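The structure file query-v6.cif is reproduced below (mmCIF, C-alpha atoms).
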data_my_file
#
loop_
_atom_site.label_atom_id
_atom_site.label_comp_id
_atom_site.auth_asym_id
_atom_site.auth_seq_id
_atom_site.Cartn_x
_atom_site.Cartn_y
_atom_site.Cartn_z
CA MET A 1 72.47 74.98 82.34
CA SER A 2 72.84 78.21 80.36
CA THR A 3 75.78 80.49 80.80
CA LYS A 4 75.27 84.15 80.17
CA LYS A 5 78.18 85.82 78.40
CA PHE A 6 79.77 88.62 80.42
CA ASP A 7 79.04 92.07 78.96
CA SER A 8 82.48 93.70 79.11
CA GLU A 9 81.26 96.94 77.48
CA GLY A 10 78.40 97.15 79.99
CA PHE A 11 80.83 96.57 82.84
CA LEU A 12 83.15 99.27 81.50
CA GLU A 13 80.19 101.68 81.43
CA ARG A 14 79.43 100.73 85.06
CA LEU A 15 83.03 101.52 85.99
CA LYS A 16 82.78 104.92 84.28
CA LYS A 17 79.57 105.75 86.12
CA PHE A 18 81.19 104.77 89.42
CA GLY A 19 84.06 107.21 88.78
CA GLN A 20 81.67 109.96 87.72
CA ARG A 21 79.47 109.51 90.79
CA CYS A 22 82.56 109.69 93.02
CA GLN A 23 83.63 112.91 91.28
CA LYS A 24 80.18 114.38 91.81
CA LEU A 25 80.29 113.44 95.50
CA VAL A 26 83.66 115.16 95.90
CA SER A 27 82.31 118.29 94.23
CA ILE A 28 79.67 118.75 96.96
CA LEU A 29 81.98 118.16 99.94
CA SER A 30 82.86 121.10 102.15
CA ARG A 31 86.42 122.32 101.59
CA THR A 32 87.94 121.09 104.85
CA PRO A 33 91.54 119.85 104.82
CA TYR A 34 90.47 116.22 105.30
CA ASN A 35 87.72 116.37 102.66
CA LEU A 36 90.16 117.88 100.18
CA GLU A 37 92.68 115.08 100.80
CA TYR A 38 90.13 112.26 100.87
CA GLY A 39 88.38 113.71 97.82
CA ASN A 40 91.57 113.98 95.78
CA GLN A 41 92.47 110.40 96.65
CA LEU A 42 88.95 109.20 95.81
CA ILE A 43 88.94 110.92 92.42
CA ARG A 44 92.19 109.19 91.47
CA SER A 45 91.28 105.74 92.77
CA SER A 46 87.67 105.72 91.51
CA VAL A 47 88.54 106.29 87.85
CA SER A 48 91.47 103.89 87.90
CA PRO A 49 89.42 100.63 87.81
CA GLY A 50 87.96 101.67 84.45
CA ALA A 51 91.32 102.66 83.00
CA ASN A 52 92.91 99.42 84.15
CA TYR A 53 89.96 97.42 82.84
CA ILE A 54 90.49 98.98 79.40
CA GLU A 55 94.15 97.95 79.65
CA ALA A 56 93.06 94.43 80.62
CA LEU A 57 90.87 94.20 77.52
CA GLU A 58 93.95 95.10 75.47
CA ALA A 59 96.25 92.73 77.38
CA LEU A 60 99.08 90.92 75.64
CA GLY A 61 98.21 87.59 77.23
CA ARG A 62 96.32 85.88 80.05
CA LYS A 63 98.91 86.78 82.72
CA ASP A 64 98.83 90.44 81.71
CA PHE A 65 95.01 90.34 81.64
CA ILE A 66 94.86 88.91 85.18
CA PHE A 67 97.43 91.46 86.42
CA LYS A 68 95.37 94.37 85.06
CA LEU A 69 92.18 92.94 86.59
CA ARG A 70 93.97 92.69 89.95
CA THR A 71 95.07 96.31 89.66
CA SER A 72 91.50 97.32 88.83
CA ARG A 73 90.21 95.40 91.86
CA LYS A 74 92.85 96.99 94.12
CA GLU A 75 91.84 100.49 93.02
CA ALA A 76 88.14 99.72 93.53
CA ARG A 77 88.93 98.56 97.07
CA GLU A 78 90.91 101.71 97.69
CA SER A 79 87.93 103.77 96.53
CA VAL A 80 85.73 102.03 99.08
CA TYR A 81 88.32 102.93 101.74
CA TRP A 82 88.24 106.64 100.81
CA LEU A 83 84.43 106.62 100.66
CA ASP A 84 84.33 105.18 104.17
CA LEU A 85 86.67 107.90 105.43
CA ILE A 86 84.56 110.59 103.75
CA SER A 87 81.44 109.14 105.35
CA ARG A 88 83.09 109.09 108.80
CA ALA A 89 84.38 112.65 108.38
CA ASN A 90 80.91 113.99 107.52
CA PRO A 91 78.55 112.21 109.93
CA ARG A 92 75.97 115.00 110.16
CA LEU A 93 75.34 115.34 106.43
CA PRO A 94 72.59 112.91 105.36
CA GLU A 95 73.08 113.57 101.62
CA ILE A 96 76.79 112.69 101.90
CA GLN A 97 76.04 109.67 104.08
CA LYS A 98 73.47 108.31 101.63
CA GLU A 99 75.69 108.73 98.58
CA CYS A 100 78.73 107.27 100.36
CA HIS A 101 76.69 104.25 101.43
CA GLU A 102 75.42 103.68 97.87
CA LEU A 103 78.89 104.14 96.38
CA ILE A 104 80.48 101.80 98.92
CA LYS A 105 77.89 99.18 97.98
CA GLU A 106 78.60 99.69 94.26
CA GLY A 107 82.36 99.63 94.86
CA MET A 108 82.10 96.33 96.73
CA GLU A 109 80.00 94.84 93.93
CA ILE A 110 82.68 95.90 91.44
CA VAL A 111 85.35 94.30 93.65
CA LYS A 112 83.33 91.05 93.76
CA ILE A 113 82.87 90.98 89.98
CA LEU A 114 86.57 91.53 89.41
CA ALA A 115 87.53 88.96 92.07
CA SER A 116 85.23 86.39 90.50
CA SER A 117 86.75 87.01 87.08
CA ILE A 118 90.26 86.66 88.47
CA ILE A 119 89.41 83.39 90.25
CA THR A 120 87.81 81.96 87.09
CA LEU A 121 90.82 82.89 84.97
CA GLU A 122 93.29 81.50 87.51
CA LYS A 123 91.39 78.19 87.61
CA LYS A 124 91.63 77.99 83.81
CA ASN A 125 95.37 78.61 84.06
CA SER A 126 96.04 75.72 86.44
#
Using structure tokens, write down the structure that the file contains.
Amino acid sequence: MSTKKFDSEGFLERLKKFGQRCQKLVSILSRTPYNLEYGNQLIRSSVSPGANYIEALEALGRKDFIFKLRTSRKEARESVYWLDLISRANPRLPEIQKECHELIKEGMEIVKILASSIITLEKKNS
């Protein structure tokens, strides 16, 4: 059984691209009050997983590392929430719908990767 080493730099790049794609989505939204609010929230939450992942890589110990990964996971989940609200607020715009769907899928994959890492680390701790 071979175990493939996790590519942390590749994952960090994936997190950056997720944040950038969310920013691009926000830039094409119409300037309604709800899109402005949802968009602002999405911009903040979608770049946070990457920033917290960087902090995790520089953690002072295993507990700190796990805490930063949890924060990164929480922010990725929050991004999925805002993407869902944006999708629901713009039902007649196929371009927005398509991008929201793809970003929600990517966000959930990021959440799963982070959750798996957290579970593995917690098992090693016990």
Practice item. For CA of Ile96 (chain A) and CA of Ile28 (chain A), quote the distance in Å rounded to one decimal. Key: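 Between CA of Ile96 (chain A) and CA of Ile28 (chain A) the gap works out to 8.3 Å.
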Review point. Mind telling me what the PyMOL selection byres ((chain A and resi 71-78) around 12) catches here, as an NGL selection string?
Key: :A and (12 or 15-16 or 18-19 or 22 or 38 or 41-57 or 64-70 or 79-85 or 103-118)
Practice item. Compare A:Arg21, A:Lys123, A:Lys5, A:His101 by their minimum atom-to-atom distance to Arg88 (chain A), counting all atoms listed in the file, and give me the closest one. Key: A:His101
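The gap separating CA of Cys100 (chain A) from CA of Ile86 (chain A) is 7.5 Å, in Å to one decimal.
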Check your understanding: At what distance in Å, to one decimal, does CA of Gly39 (chain A) lie from CA of Ser27 (chain A)?
Key -> 8.4 Å
Review point. Which residue gives the smallest distance to Pro33 (chain A) among A:Phe6, A:Ala89, A:Lys17, A:Glu102, with only C-alpha atoms counted?
Key: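 Checking each candidate against Pro33 (chain A), we get A:Ala89 as the closest.
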